[in-house]
>>> print(open('entry23.tsv').read())   # TSV, C-alpha atoms
chain	number	residue	atom	x	y	z
S	63	ASN	CA	-12.27	5.41	16.26
S	64	ALA	CA	-11.26	2.00	14.95
S	65	GLY	CA	-10.36	2.99	11.35
S	66	VAL	CA	-9.79	-0.17	9.29
S	67	THR	CA	-10.14	-3.49	11.09
S	68	GLN	CA	-9.19	-6.86	9.63
S	69	THR	CA	-10.38	-10.21	10.93
S	70	PRO	CA	-8.68	-12.59	11.61
S	71	LYS	CA	-5.10	-11.49	12.30
S	72	PHE	CA	-3.57	-14.94	11.81
S	73	ARG	CA	-4.79	-18.12	10.16
S	74	VAL	CA	-3.37	-21.45	9.09
S	75	LEU	CA	-5.26	-23.33	6.38
S	76	LYS	CA	-4.82	-26.70	4.78
S	77	THR	CA	-4.61	-26.88	1.00
S	78	GLY	CA	-8.09	-26.95	-0.45
S	79	GLN	CA	-9.84	-25.35	2.51
S	80	SER	CA	-11.84	-22.18	2.11
S	81	MET	CA	-11.98	-19.06	4.22
S	82	THR	CA	-13.16	-15.46	4.21
S	83	LEU	CA	-11.19	-12.45	5.38
S	84	LEU	CA	-13.25	-9.55	6.67
S	85	CYS	CA	-12.35	-5.89	6.34
S	86	ALA	CA	-14.46	-3.31	8.14
S	87	GLN	CA	-14.03	0.47	8.06
S	88	ASP	CA	-15.88	3.08	10.07
S	89	MET	CA	-14.83	6.16	8.08
S	90	ASN	CA	-17.63	6.06	5.51
S	91	HIS	CA	-15.10	5.53	2.73
S	92	GLU	CA	-16.28	4.73	-0.77
S	93	TYR	CA	-13.21	2.89	-2.01
S	94	MET	CA	-11.82	-0.29	-0.50
S	95	TYR	CA	-8.89	-2.48	-1.56
S	96	TRP	CA	-7.38	-5.87	-0.87
S	97	TYR	CA	-3.63	-6.35	-1.29
S	98	ARG	CA	-1.23	-9.16	-0.67
S	99	GLN	CA	2.32	-8.48	0.50
S	100	ASP	CA	5.11	-10.88	-0.36
S	101	PRO	CA	8.86	-10.45	0.19
S	102	GLY	CA	10.49	-8.57	-2.68
S	103	MET	CA	7.18	-8.02	-4.47
S	104	GLY	CA	5.69	-5.13	-2.55
S	105	LEU	CA	1.94	-4.84	-2.30
S	106	ARG	CA	-0.03	-6.29	-5.17
S	107	LEU	CA	-3.64	-5.35	-5.70
S	108	ILE	CA	-6.01	-8.31	-5.65
S	109	HIS	CA	-9.46	-6.71	-5.98
S	110	TYR	CA	-10.96	-3.37	-5.22
S	111	SER	CA	-14.33	-1.69	-4.88
S	112	VAL	CA	-15.42	1.86	-5.64
S	113	GLY	CA	-18.75	1.60	-3.90
S	114	GLU	CA	-21.32	-0.65	-2.31
S	115	GLY	CA	-22.28	-3.46	-4.65
S	116	THR	CA	-19.35	-2.93	-7.05
S	117	THR	CA	-16.06	-4.79	-7.34
S	118	ALA	CA	-13.21	-4.89	-9.85
S	119	LYS	CA	-10.13	-7.00	-10.50
S	120	GLY	CA	-6.68	-5.83	-9.60
S	121	GLU	CA	-3.28	-7.16	-10.64
S	122	VAL	CA	-3.51	-10.66	-9.12
S	123	PRO	CA	-7.20	-11.66	-8.84
S	124	ASP	CA	-6.97	-15.36	-9.64
S	125	GLY	CA	-8.01	-17.67	-6.82
S	126	TYR	CA	-9.83	-14.92	-4.91
S	127	ASN	CA	-13.36	-13.56	-4.86
S	128	VAL	CA	-14.72	-10.46	-3.14
S	129	SER	CA	-18.01	-8.95	-2.13
S	130	ARG	CA	-19.10	-5.48	-0.99
S	131	LEU	CA	-22.67	-5.95	0.17
S	132	LYS	CA	-22.39	-3.15	2.74
S	133	LYS	CA	-20.42	0.03	2.31
S	134	GLN	CA	-18.39	-0.53	5.45
S	135	ASN	CA	-17.38	-4.13	4.73
S	136	PHE	CA	-15.20	-5.70	2.05
S	137	LEU	CA	-14.83	-9.48	2.13
S	138	LEU	CA	-12.05	-11.47	0.50
S	139	GLY	CA	-12.73	-15.14	-0.13
S	140	LEU	CA	-10.44	-18.03	-0.91
S	141	GLU	CA	-12.54	-20.89	-2.27
S	142	SER	CA	-9.78	-23.51	-2.40
S	143	ALA	CA	-6.59	-22.35	-0.70
S	144	ALA	CA	-3.21	-23.11	-2.26
S	145	PRO	CA	0.30	-22.80	-0.75
S	146	SER	CA	0.97	-19.97	-3.23
S	147	GLN	CA	-1.62	-17.93	-1.35
S	148	THR	CA	0.52	-17.90	1.78
S	149	SER	CA	1.01	-14.20	2.32
S	150	VAL	CA	0.17	-11.18	4.44
S	151	TYR	CA	-3.08	-9.60	3.33
S	152	PHE	CA	-3.83	-5.93	3.82
S	153	CYS	CA	-7.09	-4.12	3.42
S	154	ALA	CA	-7.25	-0.38	2.77
S	155	SER	CA	-9.93	2.23	2.33
S	156	ARG	CA	-10.11	5.81	1.09
S	157	THR	CA	-12.73	8.39	0.31
S	158	GLY	CA	-11.89	8.47	-3.38
S	159	GLY	CA	-11.37	11.59	-5.42
S	160	ASP	CA	-8.33	13.74	-5.92
S	161	GLY	CA	-5.32	13.08	-3.72
S	162	THR	CA	-7.03	11.19	-0.96
S	163	GLU	CA	-4.85	8.85	1.04
S	164	ALA	CA	-5.56	5.21	1.81
S	165	PHE	CA	-5.82	3.95	5.38
S	166	PHE	CA	-4.64	0.44	6.07
S	167	GLY	CA	-5.65	-2.34	8.39
S	168	GLN	CA	-3.15	-4.23	10.54
S	169	GLY	CA	-2.93	-7.15	8.15
S	170	THR	CA	-3.82	-10.85	8.16
S	171	ARG	CA	-1.01	-13.38	8.09
S	172	LEU	CA	-2.24	-16.44	6.22
S	173	THR	CA	-0.30	-19.67	5.93
S	174	VAL	CA	-1.50	-22.46	3.65
S	175	VAL	CA	0.10	-25.83	4.34
J	100	ALA	CA	-0.88	-0.42	-17.82
J	101	GLN	CA	-0.28	1.96	-14.99
J	102	SER	CA	2.67	1.04	-12.82
J	103	VAL	CA	5.05	2.30	-10.20
J	104	SER	CA	8.65	1.13	-9.96
J	105	GLN	CA	11.25	1.39	-7.24
J	106	HIS	CA	14.79	0.48	-8.22
J	107	ASN	CA	16.47	0.47	-4.81
J	108	HIS	CA	15.47	-2.72	-3.06
J	109	HIS	CA	17.80	-2.45	-0.08
J	110	VAL	CA	19.58	0.63	1.26
J	111	ILE	CA	21.96	0.73	4.21
J	112	LEU	CA	22.96	4.08	5.70
J	113	SER	CA	24.66	5.38	8.79
J	114	GLU	CA	22.85	7.82	11.05
J	115	ALA	CA	23.00	11.42	9.82
J	116	ALA	CA	23.55	10.35	6.20
J	117	SER	CA	21.27	11.78	3.52
J	118	LEU	CA	18.63	9.62	1.91
J	119	GLU	CA	17.15	9.52	-1.56
J	120	LEU	CA	14.87	6.71	-2.69
J	121	GLY	CA	13.84	6.50	-6.31
J	122	CYS	CA	10.30	6.11	-7.63
J	123	ASN	CA	9.15	6.20	-11.24
J	124	TYR	CA	5.64	5.94	-12.60
J	125	SER	CA	4.23	5.13	-16.00
J	126	TYR	CA	0.91	6.95	-16.02
J	127	GLY	CA	-0.17	9.54	-18.48
J	128	GLY	CA	-2.36	12.44	-17.60
J	129	THR	CA	-3.31	13.44	-14.09
J	130	VAL	CA	-1.59	11.38	-11.43
J	131	ASN	CA	-1.65	11.19	-7.66
J	132	LEU	CA	1.52	9.91	-5.99
J	133	PHE	CA	2.18	8.78	-2.44
J	134	TRP	CA	4.96	7.54	-0.22
J	135	TYR	CA	4.07	5.12	2.57
J	136	VAL	CA	6.25	3.71	5.34
J	137	GLN	CA	5.94	0.36	7.05
J	138	TYR	CA	7.78	-0.05	10.34
J	139	PRO	CA	8.60	-3.62	11.37
J	140	GLY	CA	5.47	-5.55	12.25
J	141	GLN	CA	3.15	-2.65	11.52
J	142	HIS	CA	0.76	-1.58	8.80
J	143	LEU	CA	1.45	1.09	6.17
J	144	GLN	CA	1.28	4.74	7.12
J	145	LEU	CA	1.27	7.77	4.84
J	146	LEU	CA	4.46	9.85	4.73
J	147	LEU	CA	3.42	12.36	2.08
J	148	LYS	CA	1.41	12.78	-1.09
J	149	TYR	CA	1.29	14.81	-4.28
J	150	PHE	CA	-1.83	15.55	-6.31
J	151	SER	CA	-1.41	19.10	-7.63
J	152	GLY	CA	0.36	22.40	-7.04
J	153	ASP	CA	3.90	22.73	-5.68
J	154	PRO	CA	5.91	19.75	-6.95
J	155	LEU	CA	8.01	19.73	-3.78
J	156	VAL	CA	5.94	18.19	-1.04
J	157	LYS	CA	6.84	17.90	2.59
J	158	GLY	CA	5.67	15.11	4.81
J	159	ILE	CA	6.00	13.88	8.34
J	160	LYS	CA	9.26	13.19	10.16
J	161	GLY	CA	11.34	15.47	7.94
J	162	PHE	CA	10.68	13.60	4.68
J	163	GLU	CA	10.07	15.37	1.39
J	164	ALA	CA	9.57	14.34	-2.22
J	165	GLU	CA	9.78	16.09	-5.56
J	166	PHE	CA	7.43	15.44	-8.44
J	167	ILE	CA	9.31	15.81	-11.73
J	168	LYS	CA	6.82	15.34	-14.54
J	169	SER	CA	9.43	15.32	-17.32
J	170	LYS	CA	11.23	12.42	-15.65
J	171	PHE	CA	8.11	10.60	-14.43
J	172	SER	CA	9.74	10.54	-11.01
J	173	PHE	CA	8.72	11.13	-7.40
J	174	ASN	CA	11.84	10.54	-5.33
J	175	LEU	CA	11.77	10.55	-1.55
J	176	ARG	CA	14.43	12.48	0.36
J	177	LYS	CA	15.56	13.16	3.89
J	178	PRO	CA	18.66	15.22	4.66
J	179	SER	CA	19.69	13.32	7.80
J	180	VAL	CA	18.33	9.88	8.67
J	181	GLN	CA	17.91	8.46	12.15
J	182	TRP	CA	18.02	4.90	13.42
J	183	SER	CA	14.23	5.12	13.90
J	184	ASP	CA	13.80	5.55	10.13
J	185	THR	CA	14.65	1.88	9.66
J	186	ALA	CA	11.59	0.59	7.80
J	187	GLU	CA	10.27	-0.37	4.40
J	188	TYR	CA	9.22	2.46	2.10
J	189	PHE	CA	6.64	2.14	-0.64
J	190	CYS	CA	5.85	4.48	-3.49
J	191	ALA	CA	2.27	4.33	-4.78
J	192	GLY	CA	0.21	6.01	-7.43
J	193	ASN	CA	-3.19	6.20	-9.01
J	194	THR	CA	-4.78	7.76	-12.01
J	195	GLY	CA	-8.49	8.05	-12.51
J	196	PHE	CA	-8.68	8.10	-8.72
J	197	GLN	CA	-9.65	4.45	-8.43
J	198	LYS	CA	-6.91	1.86	-8.65
J	199	LEU	CA	-4.04	2.42	-6.22
J	200	VAL	CA	-0.89	0.50	-7.14
J	201	PHE	CA	2.34	0.14	-5.24
J	202	GLY	CA	6.00	-0.30	-6.07
J	203	THR	CA	7.96	-3.28	-4.77
J	204	GLY	CA	9.31	-1.36	-1.81
J	205	THR	CA	12.72	-0.34	-0.48
J	206	ARG	CA	14.07	-1.71	2.78
J	207	LEU	CA	16.08	0.93	4.61
J	208	LEU	CA	18.43	-0.03	7.39
J	209	VAL	CA	19.99	2.80	9.38
J	210	SER	CA	22.91	1.79	11.54
J	211	PRO	CA	23.54	3.79	14.72
>>> encode(input="entry23.tsv", output="structure tokens")
Amino acid sequence: NAGVTQTPKFRVLKTGQSMTLLCAQDMNHEYMYWYRQDPGMGLRLIHYSVGEGTTAKGEVPDGYNVSRLKKQNFLLGLESAAPSQTSVYFCASRTGGDGTEAFFGQGTRLTVV
Amino acid sequence: AQSVSQHNHHVILSEAASLELGCNYSYGGTVNLFWYVQYPGQHLQLLLKYFSGDPLVKGIKGFEAEFIKSKFSFNLRKPSVQWSDTAEYFCAGNTGFQKLVFGTGTRLLVSP
């Protein structure tokens, strides 16, 4: 039972390059989330999805795009990476509804130079 | 806008000391609240959650939290901490069951 799996675990990008982070969950969860974690700022919500084919903006969506073409996958894209996007990115999923907890992936450490 | 705030950014305790970490939320209406822990180099794991019923909730590893609606608070407590509790603790909340937002976290260091 893999839970939530993020790919890749580490990546170094040059400014202006693009990349896609993949989040896959095998728990049949409806809701999926992308967060970034920065020192002293906690986890900030980038985008989220409440079902296949739907996405919504979180607190810090600028510079990122997402897609949820399949229920089990939630992709986070950086079209033109900037040093300010250096961070640790976490994906999470939950069933939705009252009181359900979120399950997190192991994180992706991204450095933009 | 819905938000969760944690006012203690760093806490240092000796083993066996009691712990209380503050969490306040700004939602109106029905709210679900959570405490997560992140051990060094690991992902977040759920400690406990509140969504209805008894406002005093008990979680794993001896942690508990009390939901006080009149104070918009959900403070985390543990009567006697151990060195292994050294970690970062995050309060989180959602209303409308969709968005899940986190506080800025509290780094706890327990000295042996």
>>> atom_distance(input="entry23.tsv", atom1="atom CA of J:Ser169", atom2="atom CA of J:Gly128")
12.1 Å
>>> residues_around(input="entry23.tsv", residues="J:Leu112", least_positions_apart="5", cutoff="7 Å", atoms="only C-alpha atoms", output="list in words")
Leu208, Val209 and Ser210 of chain J
>>> write_last_selection(input="entry23.tsv", atoms="C-alpha atoms", output="PDB file, in the coordinates of the input")
ATOM      1  CA  LEU J 208      18.430  -0.030   7.390  1.00  0.00           C
ATOM      2  CA  VAL J 209      19.990   2.800   9.380  1.00  0.00           C
ATOM      3  CA  SER J 210      22.910   1.790  11.540  1.00  0.00           C
TER       4      SER J 210
END
>>> closest_atom_pairs(input="entry23.tsv", of="chain J", to="chain S", cutoff="8 Å", atoms="all atoms listed in the file", output="tab-separated table")
residue	atom	partner	partner_atom	distance
J:His108	CA	S:Gly102	CA	7.7
J:Asn131	CA	S:Gly161	CA	5.7
J:Leu132	CA	S:Gly161	CA	7.9
J:Phe133	CA	S:Glu163	CA	7.8
J:Gln141	CA	S:Gln168	CA	6.6
J:His142	CA	S:Gln168	CA	5.0
J:Leu143	CA	S:Phe166	CA	6.1
J:Gln144	CA	S:Phe165	CA	7.4
J:Leu145	CA	S:Glu163	CA	7.3
J:Lys148	CA	S:Gly161	CA	7.2
J:Tyr149	CA	S:Gly161	CA	6.9
J:Phe150	CA	S:Gly161	CA	5.0
J:Phe189	CA	S:Gly104	CA	7.6
J:Phe196	CA	S:Gly159	CA	5.5
J:Gln197	CA	S:Gly158	CA	6.8
J:Lys198	CA	S:Tyr110	CA	7.5
J:Leu199	CA	S:Leu107	CA	7.8
J:Val200	CA	S:Leu107	CA	6.6
J:Phe201	CA	S:Leu105	CA	5.8
J:Gly202	CA	S:Gly104	CA	6.0
J:Thr203	CA	S:Gly104	CA	3.7
J:Gly204	CA	S:Gly104	CA	5.3
>>> atom_distance(input="entry23.tsv", atom1="atom CA of J:Val180", atom2="atom CA of J:Leu146")
14.4 Å
>>> residues_around(input="entry23.tsv", residues="J:Ser102", least_positions_apart="5", cutoff="7 Å", atoms="all atoms listed in the file", output="VMD selection string")
chain J and resid 124 to 126 200
>>> residues_around(input="entry23.tsv", residues="S:Gln79", least_positions_apart="3", cutoff="12 Å", atoms="all atoms listed in the file", output="count of residues only")
16
>>> atom_distance(input="entry23.tsv", atom1="atom CA of S:Ser155", atom2="atom CA of J:Leu147")
16.8 Å
>>> residues_near_point(input="entry23.tsv", point="(13.9, 3.4, 10.1)", cutoff="10 Å", atoms="all atoms listed in the file", output="list of chain:residue names")
J:Val136, J:Gln137, J:Tyr138, J:Pro139, J:Val180, J:Gln181, J:Trp182, J:Ser183, J:Asp184, J:Thr185, J:Ala186, J:Glu187, J:Tyr188, J:Arg206, J:Leu207, J:Leu208, J:Val209, J:Ser210
>>> residues_around(input="entry23.tsv", residues="S:Cys85", least_positions_apart="3", cutoff="7 Å", atoms="all atoms listed in the file", output="PyMOL selection string")
chain S and resi 66-69+135-137+153
>>> closest_residue(input="entry23.tsv", among="S:Pro70, S:Gly125, S:Gly115, S:Gly65", to="S:Gln87", atoms="all atoms listed in the file")
S:Gly65
>>> build_atoms(input="entry23.tsv", residues="stretch 183-209 of chain J", atoms="N, CA, C and O atoms", output="mmCIF file, in the frame of the given file")
data_model
loop_
_atom_site.group_PDB
_atom_site.id
_atom_site.type_symbol
_atom_site.label_atom_id
_atom_site.label_comp_id
_atom_site.auth_asym_id
_atom_site.auth_seq_id
_atom_site.Cartn_x
_atom_site.Cartn_y
_atom_site.Cartn_z
ATOM 1 N N SER J 183 15.671 5.387 13.876
ATOM 2 C CA SER J 183 14.230 5.120 13.900
ATOM 3 C C SER J 183 13.588 5.159 12.515
ATOM 4 O O SER J 183 12.408 4.825 12.368
ATOM 5 N N ASP J 184 14.339 5.570 11.502
ATOM 6 C CA ASP J 184 13.800 5.550 10.130
ATOM 7 C C ASP J 184 13.941 4.179 9.483
ATOM 8 O O ASP J 184 13.479 3.984 8.348
ATOM 9 N N THR J 185 14.565 3.243 10.169
ATOM 10 C CA THR J 185 14.650 1.880 9.660
ATOM 11 C C THR J 185 13.241 1.341 9.427
ATOM 12 O O THR J 185 12.425 1.262 10.343
ATOM 13 N N ALA J 186 12.949 0.981 8.179
ATOM 14 C CA ALA J 186 11.590 0.590 7.800
ATOM 15 C C ALA J 186 11.612 0.207 6.316
ATOM 16 O O ALA J 186 12.640 0.274 5.657
ATOM 17 N N GLU J 187 10.438 -0.155 5.830
ATOM 18 C CA GLU J 187 10.270 -0.370 4.400
ATOM 19 C C GLU J 187 9.436 0.765 3.829
ATOM 20 O O GLU J 187 8.425 1.150 4.430
ATOM 21 N N TYR J 188 9.852 1.287 2.691
ATOM 22 C CA TYR J 188 9.220 2.460 2.100
ATOM 23 C C TYR J 188 8.611 2.070 0.752
ATOM 24 O O TYR J 188 9.252 1.444 -0.085
ATOM 25 N N PHE J 189 7.362 2.483 0.573
ATOM 26 C CA PHE J 189 6.640 2.140 -0.640
ATOM 27 C C PHE J 189 6.165 3.410 -1.345
ATOM 28 O O PHE J 189 5.560 4.287 -0.727
ATOM 29 N N CYS J 190 6.406 3.447 -2.638
ATOM 30 C CA CYS J 190 5.850 4.480 -3.490
ATOM 31 C C CYS J 190 4.548 3.926 -4.081
ATOM 32 O O CYS J 190 4.455 2.725 -4.379
ATOM 33 N N ALA J 191 3.553 4.780 -4.236
ATOM 34 C CA ALA J 191 2.270 4.330 -4.780
ATOM 35 C C ALA J 191 1.691 5.430 -5.654
ATOM 36 O O ALA J 191 2.002 6.617 -5.479
ATOM 37 N N GLY J 192 0.811 5.016 -6.561
ATOM 38 C CA GLY J 192 0.210 6.010 -7.430
ATOM 39 C C GLY J 192 -1.136 5.565 -7.943
ATOM 40 O O GLY J 192 -1.461 4.384 -7.933
ATOM 41 N N ASN J 193 -1.936 6.543 -8.352
ATOM 42 C CA ASN J 193 -3.190 6.200 -9.010
ATOM 43 C C ASN J 193 -3.529 7.275 -10.013
ATOM 44 O O ASN J 193 -3.143 8.433 -9.883
ATOM 45 N N THR J 194 -4.249 6.840 -11.029
ATOM 46 C CA THR J 194 -4.780 7.760 -12.010
ATOM 47 C C THR J 194 -6.228 7.379 -12.200
ATOM 48 O O THR J 194 -6.586 6.218 -12.085
ATOM 49 N N GLY J 195 -7.071 8.345 -12.459
ATOM 50 C CA GLY J 195 -8.490 8.050 -12.510
ATOM 51 C C GLY J 195 -9.071 7.862 -11.133
ATOM 52 O O GLY J 195 -10.228 7.489 -10.990
ATOM 53 N N PHE J 196 -8.255 8.054 -10.107
ATOM 54 C CA PHE J 196 -8.680 8.100 -8.720
ATOM 55 C C PHE J 196 -9.263 6.792 -8.195
ATOM 56 O O PHE J 196 -9.879 6.763 -7.150
ATOM 57 N N GLN J 197 -9.082 5.706 -8.893
ATOM 58 C CA GLN J 197 -9.650 4.450 -8.430
ATOM 59 C C GLN J 197 -8.581 3.462 -7.999
ATOM 60 O O GLN J 197 -8.310 3.290 -6.821
ATOM 61 N N LYS J 198 -7.954 2.811 -8.980
ATOM 62 C CA LYS J 198 -6.910 1.860 -8.650
ATOM 63 C C LYS J 198 -5.756 2.553 -7.962
ATOM 64 O O LYS J 198 -5.341 3.637 -8.373
ATOM 65 N N LEU J 199 -5.217 1.902 -6.927
ATOM 66 C CA LEU J 199 -4.040 2.420 -6.220
ATOM 67 C C LEU J 199 -3.001 1.320 -6.266
ATOM 68 O O LEU J 199 -3.198 0.259 -5.671
ATOM 69 N N VAL J 200 -1.902 1.544 -6.983
ATOM 70 C CA VAL J 200 -0.890 0.500 -7.140
ATOM 71 C C VAL J 200 0.405 0.920 -6.473
ATOM 72 O O VAL J 200 0.738 2.107 -6.412
ATOM 73 N N PHE J 201 1.133 -0.081 -6.008
ATOM 74 C CA PHE J 201 2.340 0.140 -5.240
ATOM 75 C C PHE J 201 3.584 -0.363 -5.971
ATOM 76 O O PHE J 201 3.512 -1.300 -6.771
ATOM 77 N N GLY J 202 4.721 0.228 -5.644
ATOM 78 C CA GLY J 202 6.000 -0.300 -6.070
ATOM 79 C C GLY J 202 6.388 -1.484 -5.198
ATOM 80 O O GLY J 202 5.677 -1.842 -4.256
ATOM 81 N N THR J 203 7.535 -2.071 -5.484
ATOM 82 C CA THR J 203 7.960 -3.280 -4.770
ATOM 83 C C THR J 203 8.595 -2.975 -3.426
ATOM 84 O O THR J 203 8.880 -3.891 -2.668
ATOM 85 N N GLY J 204 8.810 -1.711 -3.123
ATOM 86 C CA GLY J 204 9.310 -1.360 -1.810
ATOM 87 C C GLY J 204 10.812 -1.270 -1.725
ATOM 88 O O GLY J 204 11.539 -1.905 -2.495
ATOM 89 N N THR J 205 11.290 -0.465 -0.771
ATOM 90 C CA THR J 205 12.720 -0.340 -0.480
ATOM 91 C C THR J 205 12.915 -0.523 1.014
ATOM 92 O O THR J 205 12.310 0.205 1.810
ATOM 93 N N ARG J 206 13.742 -1.494 1.361
ATOM 94 C CA ARG J 206 14.070 -1.710 2.780
ATOM 95 C C ARG J 206 15.247 -0.827 3.146
ATOM 96 O O ARG J 206 16.312 -0.926 2.528
ATOM 97 N N LEU J 207 15.021 0.040 4.130
ATOM 98 C CA LEU J 207 16.080 0.930 4.610
ATOM 99 C C LEU J 207 16.540 0.464 5.974
ATOM 100 O O LEU J 207 15.737 0.283 6.890
ATOM 101 N N LEU J 208 17.835 0.285 6.103
ATOM 102 C CA LEU J 208 18.430 -0.030 7.390
ATOM 103 C C LEU J 208 19.382 1.092 7.758
ATOM 104 O O LEU J 208 20.305 1.404 6.997
ATOM 105 N N VAL J 209 19.127 1.722 8.900
ATOM 106 C CA VAL J 209 19.990 2.800 9.380
ATOM 107 C C VAL J 209 20.773 2.280 10.578
ATOM 108 O O VAL J 209 20.194 1.861 11.580
#
